[in-house]
Amino acid sequence: MGLEGGHEIRTGADSVMLQTSSFKVDRGSVLHSGIFNKELASSFVSAVFIVIYLISMAVLGEIGLIHYLVAAVIFVIIFPLSRTFIFKAPVLITEVDKGSGVVTLTLKRNLGSRVIGKDFSELRQFDVEYIRIEPENPDGVAVVEKIALQHGTVIPGFGEVKEFYNVVARFADSDQVVFTTTSDAEAKKVVDTLNSYVVKT
């Protein structure tokens, strides 16, 4: 399944694995995701390659129709590659294995991975934490929305209060957010599934 903003759970006789790309809550970038997103960033990368190609061809000689066709092909190739590999969201894999007595948190990123291993006895339970994020500058939001409307543009969700539900692994010495969602029901369902493997026997 696609993991961006979602999750996947795999269960076994004595183990459960949660995999997700949604495990961090922040106020987002300065540019709203409706304006600046991974697709737009991938387009910029493709555009850079195209500009470099066309400038190179112009230096070597005149630019003809064939060069613009090649530029279009470059865009078609570079755009999905950069979207898939350069701007691929990191993935957090949480695995509780009662059989081996180990809890593993694996963060997979484009450049390398990070693994944290803990003893199963250190895991207390999984909980849901509620987080509410409000705009820091309502007046600034109003100004931006006014300017956008003057240009006939609507920015969905801009300046709205954001509510998140974090699934948190409680260890003896620390807490770790393993999944973030905007759905209370989804968070509780994930917690119930994970906690069913935490019961000490």
# chains A, B, ... in the order shown; residues from 1 in each chain; ligands from 1
>>> closest_atom_pairs(of="segment 54-149 of chain A", to="segment 4-17 of chain A", cutoff="10 Å", atoms="only C-alpha atoms", output="JSON lines")
{"residue": "A:Lys88", "atom": "CA", "partner": "A:Glu4", "partner_atom": "CA", "distance": 9.0}
{"residue": "A:Ala89", "atom": "CA", "partner": "A:Glu4", "partner_atom": "CA", "distance": 7.0}
{"residue": "A:Pro90", "atom": "CA", "partner": "A:Glu4", "partner_atom": "CA", "distance": 9.2}
{"residue": "A:Val91", "atom": "CA", "partner": "A:Glu4", "partner_atom": "CA", "distance": 8.8}
{"residue": "A:Leu92", "atom": "CA", "partner": "A:His7", "partner_atom": "CA", "distance": 9.7}
{"residue": "A:Ile93", "atom": "CA", "partner": "A:Met17", "partner_atom": "CA", "distance": 6.9}
{"residue": "A:Thr94", "atom": "CA", "partner": "A:Met17", "partner_atom": "CA", "distance": 5.6}
{"residue": "A:Glu95", "atom": "CA", "partner": "A:Met17", "partner_atom": "CA", "distance": 4.3}
{"residue": "A:Val96", "atom": "CA", "partner": "A:Val16", "partner_atom": "CA", "distance": 5.4}
{"residue": "A:Asp97", "atom": "CA", "partner": "A:Ser15", "partner_atom": "CA", "distance": 4.3}
{"residue": "A:Lys98", "atom": "CA", "partner": "A:Asp14", "partner_atom": "CA", "distance": 5.4}
{"residue": "A:Gly99", "atom": "CA", "partner": "A:Asp14", "partner_atom": "CA", "distance": 5.6}
{"residue": "A:Ser100", "atom": "CA", "partner": "A:Asp14", "partner_atom": "CA", "distance": 8.9}
{"residue": "A:Gly101", "atom": "CA", "partner": "A:Asp14", "partner_atom": "CA", "distance": 9.7}
{"residue": "A:Val102", "atom": "CA", "partner": "A:Ser15", "partner_atom": "CA", "distance": 9.8}
{"residue": "A:Val103", "atom": "CA", "partner": "A:Ser15", "partner_atom": "CA", "distance": 9.6}
{"residue": "A:Thr104", "atom": "CA", "partner": "A:Met17", "partner_atom": "CA", "distance": 9.3}
{"residue": "A:Leu105", "atom": "CA", "partner": "A:Met17", "partner_atom": "CA", "distance": 9.8}
>>> write_last_selection(atoms="all heavy atoms", output="compact mmCIF listing (two decimals), in the first residue's frame")
# COMPACT_ATOMS: atom_id res chain seq x y z
N LYS A 88 11.46 11.17 -1.62
CA LYS A 88 10.74 10.08 -0.98
C LYS A 88 10.71 10.30 0.52
O LYS A 88 11.72 10.61 1.14
CB LYS A 88 11.42 8.74 -1.30
CG LYS A 88 10.72 7.54 -0.70
CD LYS A 88 11.46 6.26 -1.05
CE LYS A 88 10.78 5.04 -0.45
NZ LYS A 88 11.53 3.79 -0.78
N ALA A 89 9.53 10.15 1.12
CA ALA A 89 9.39 10.37 2.56
C ALA A 89 10.07 9.26 3.34
O ALA A 89 10.04 8.09 2.94
CB ALA A 89 7.90 10.42 2.93
N PRO A 90 10.71 9.61 4.46
CA PRO A 90 11.31 8.57 5.31
C PRO A 90 10.24 7.66 5.90
O PRO A 90 9.09 8.08 6.06
CB PRO A 90 12.03 9.38 6.40
CG PRO A 90 11.33 10.69 6.42
CD PRO A 90 10.91 10.96 5.01
N VAL A 91 10.61 6.44 6.19
CA VAL A 91 9.67 5.44 6.71
C VAL A 91 10.16 4.93 8.06
O VAL A 91 11.34 4.62 8.22
CB VAL A 91 9.51 4.26 5.72
CG1 VAL A 91 8.65 3.16 6.35
CG2 VAL A 91 8.90 4.73 4.41
N LEU A 92 9.24 4.87 9.02
CA LEU A 92 9.57 4.33 10.34
C LEU A 92 8.90 2.97 10.49
O LEU A 92 7.69 2.84 10.29
CB LEU A 92 9.08 5.26 11.45
CG LEU A 92 9.34 4.79 12.88
CD1 LEU A 92 10.84 4.70 13.15
CD2 LEU A 92 8.67 5.72 13.88
N ILE A 93 9.70 1.96 10.82
CA ILE A 93 9.19 0.61 11.02
C ILE A 93 9.35 0.24 12.49
O ILE A 93 10.46 0.26 13.03
CB ILE A 93 9.94 -0.41 10.14
CG1 ILE A 93 9.81 -0.04 8.66
CG2 ILE A 93 9.42 -1.82 10.40
CD1 ILE A 93 10.65 -0.88 7.74
N THR A 94 8.24 -0.05 13.13
CA THR A 94 8.25 -0.46 14.54
C THR A 94 7.86 -1.92 14.61
O THR A 94 6.77 -2.30 14.16
CB THR A 94 7.24 0.37 15.36
OG1 THR A 94 7.54 1.76 15.20
CG2 THR A 94 7.29 -0.01 16.83
N GLU A 95 8.75 -2.73 15.15
CA GLU A 95 8.49 -4.17 15.23
C GLU A 95 8.60 -4.65 16.68
O GLU A 95 9.62 -4.44 17.34
CB GLU A 95 9.46 -4.94 14.35
CG GLU A 95 9.14 -6.43 14.27
CD GLU A 95 9.94 -7.16 13.23
OE1 GLU A 95 10.86 -6.54 12.65
OE2 GLU A 95 9.68 -8.35 12.98
N VAL A 96 7.53 -5.28 17.15
CA VAL A 96 7.51 -5.87 18.48
C VAL A 96 7.54 -7.39 18.31
O VAL A 96 6.60 -7.96 17.76
CB VAL A 96 6.25 -5.45 19.27
CG1 VAL A 96 6.23 -6.12 20.65
CG2 VAL A 96 6.18 -3.94 19.41
N ASP A 97 8.61 -8.00 18.75
CA ASP A 97 8.77 -9.45 18.60
C ASP A 97 8.88 -10.09 19.98
O ASP A 97 9.94 -10.07 20.61
CB ASP A 97 10.02 -9.76 17.78
CG ASP A 97 10.08 -11.22 17.33
OD1 ASP A 97 9.51 -12.08 18.03
OD2 ASP A 97 10.68 -11.50 16.28
N LYS A 98 7.78 -10.65 20.46
CA LYS A 98 7.78 -11.27 21.79
C LYS A 98 8.62 -12.56 21.79
O LYS A 98 9.18 -12.93 22.81
CB LYS A 98 6.34 -11.59 22.21
CG LYS A 98 5.50 -10.36 22.47
CD LYS A 98 4.04 -10.72 22.76
CE LYS A 98 3.90 -11.54 24.03
NZ LYS A 98 2.47 -11.81 24.34
N GLY A 99 8.69 -13.19 20.64
CA GLY A 99 9.44 -14.44 20.55
C GLY A 99 10.91 -14.24 20.84
O GLY A 99 11.52 -14.98 21.62
N SER A 100 11.50 -13.20 20.22
CA SER A 100 12.92 -12.93 20.43
C SER A 100 13.15 -11.96 21.59
O SER A 100 14.29 -11.75 22.01
CB SER A 100 13.54 -12.34 19.16
OG SER A 100 12.94 -11.10 18.84
N GLY A 101 12.06 -11.37 22.10
CA GLY A 101 12.19 -10.44 23.22
C GLY A 101 12.82 -9.12 22.85
O GLY A 101 13.50 -8.50 23.67
N VAL A 102 12.60 -8.66 21.60
CA VAL A 102 13.22 -7.43 21.13
C VAL A 102 12.18 -6.51 20.48
O VAL A 102 11.28 -6.97 19.78
CB VAL A 102 14.34 -7.73 20.09
CG1 VAL A 102 14.91 -6.43 19.53
CG2 VAL A 102 15.43 -8.57 20.73
N VAL A 103 12.31 -5.23 20.75
CA VAL A 103 11.51 -4.20 20.08
C VAL A 103 12.46 -3.38 19.22
O VAL A 103 13.46 -2.84 19.73
CB VAL A 103 10.79 -3.28 21.08
CG1 VAL A 103 9.98 -2.22 20.35
CG2 VAL A 103 9.89 -4.10 22.00
N THR A 104 12.18 -3.28 17.93
CA THR A 104 13.08 -2.61 17.00
C THR A 104 12.38 -1.44 16.32
O THR A 104 11.28 -1.58 15.80
CB THR A 104 13.59 -3.57 15.92
OG1 THR A 104 14.18 -4.72 16.54
CG2 THR A 104 14.64 -2.90 15.05
N LEU A 105 13.05 -0.29 16.35
CA LEU A 105 12.57 0.90 15.63
C LEU A 105 13.58 1.19 14.53
O LEU A 105 14.74 1.48 14.81
CB LEU A 105 12.46 2.09 16.57
CG LEU A 105 11.56 1.93 17.79
CD1 LEU A 105 11.65 3.15 18.68
CD2 LEU A 105 10.12 1.67 17.38
>>> closest_residue(among="A:Arg132, A:His67, A:Lys38, A:Lys162", to="Ile86 of chain A", atoms="only C-alpha atoms")
A:Lys38
>>> atom_distance(atom1="atom CA of Phe179 of chain A", atom2="atom CA of Leu81 of chain A")
26.8 Å
>>> residues_around(residues="Ile77 of chain A", least_positions_apart="6", cutoff="12 Å", atoms="only C-alpha atoms", output="ChimeraX atom specification")
/A:42-43,45-47,49-50,70-71,83-84
>>> closest_atom_pairs(of="segment 82-132 of chain A", to="segment 171-174 of chain A", cutoff="12 Å", atoms="only C-alpha atoms", output="JSON lines")
{"residue": "A:Val103", "atom": "CA", "partner": "A:Phe171", "partner_atom": "CA", "distance": 10.1}
{"residue": "A:Gly117", "atom": "CA", "partner": "A:Phe171", "partner_atom": "CA", "distance": 11.6}
{"residue": "A:Lys118", "atom": "CA", "partner": "A:Phe171", "partner_atom": "CA", "distance": 8.7}
{"residue": "A:Asp119", "atom": "CA", "partner": "A:Phe171", "partner_atom": "CA", "distance": 9.4}
{"residue": "A:Phe120", "atom": "CA", "partner": "A:Phe171", "partner_atom": "CA", "distance": 9.1}
{"residue": "A:Ser121", "atom": "CA", "partner": "A:Ala172", "partner_atom": "CA", "distance": 8.6}
{"residue": "A:Glu122", "atom": "CA", "partner": "A:Ala172", "partner_atom": "CA", "distance": 5.1}
{"residue": "A:Leu123", "atom": "CA", "partner": "A:Phe171", "partner_atom": "CA", "distance": 4.5}
{"residue": "A:Arg124", "atom": "CA", "partner": "A:Phe171", "partner_atom": "CA", "distance": 5.5}
{"residue": "A:Gln125", "atom": "CA", "partner": "A:Phe171", "partner_atom": "CA", "distance": 7.5}
{"residue": "A:Phe126", "atom": "CA", "partner": "A:Phe171", "partner_atom": "CA", "distance": 9.0}
{"residue": "A:Asp127", "atom": "CA", "partner": "A:Phe171", "partner_atom": "CA", "distance": 11.1}
>>> atom_distance(atom1="atom CA of Leu107 of chain A", atom2="atom CA of Gln176 of chain A")
12.1 Å
>>> closest_residue(among="A:Val161, A:Leu40, A:Val128, A:Ser82", to="Asp192 of chain A", atoms="only C-alpha atoms")
A:Val128
>>> residues_around(residues="Thr181 of chain A", least_positions_apart="3", cutoff="10 Å", atoms="only C-alpha atoms", output="ChimeraX atom specification")
/A:5-7,22-25,130,163-167,184-187
>>> write_last_selection(atoms="C-alpha atoms", output="PDB file, in the first residue's frame")
ATOM      1  CA  GLY A   5       0.276   9.750   5.258  1.00  0.00           C
ATOM      2  CA  GLY A   6      -0.864   6.178   5.926  1.00  0.00           C
ATOM      3  CA  HIS A   7       0.322   3.028   7.616  1.00  0.00           C
ATOM      4  CA  SER A  22       3.665   9.623   9.078  1.00  0.00           C
ATOM      5  CA  PHE A  23       5.393   9.836  12.443  1.00  0.00           C
ATOM      6  CA  LYS A  24       6.213  13.497  13.022  1.00  0.00           C
ATOM      7  CA  VAL A  25       4.072  16.494  13.904  1.00  0.00           C
ATOM      8  CA  TYR A 130      -3.578  14.445  21.311  1.00  0.00           C
ATOM      9  CA  GLU A 163      -5.341  18.319  15.279  1.00  0.00           C
ATOM     10  CA  PHE A 164      -3.153  15.230  15.448  1.00  0.00           C
ATOM     11  CA  TYR A 165      -3.197  11.943  17.319  1.00  0.00           C
ATOM     12  CA  ASN A 166       0.199  10.415  18.044  1.00  0.00           C
ATOM     13  CA  VAL A 167       0.682   6.727  18.723  1.00  0.00           C
ATOM     14  CA  ASP A 184      -8.699   9.544  16.605  1.00  0.00           C
ATOM     15  CA  ALA A 185     -10.369   6.272  15.623  1.00  0.00           C
ATOM     16  CA  GLU A 186      -7.415   5.257  13.436  1.00  0.00           C
ATOM     17  CA  ALA A 187      -4.929   5.994  16.219  1.00  0.00           C
TER      18      ALA A 187
END
>>> select_by_dssp(residues="segment 66-199 of chain A", states="strand (DSSP E)", output="MDAnalysis selection string")
chainID A and resid 91:97 102:108 113:119 123:133 162:171 175:181
>>> atom_distance(atom1="atom CA of Leu69 of chain A", atom2="atom CA of Leu54 of chain A")
10.9 Å
>>> select_by_dssp(residues="segment 37-188 of chain A", states="alpha helix (DSSP H)", output="number ranges by chain")
A: 38-60, 65-81, 138-150, 184-188
>>> closest_residue(among="A:Phe85, A:Glu134, A:Val48, A:Lys189", to="Leu111 of chain A", atoms="only C-alpha atoms")
A:Phe85
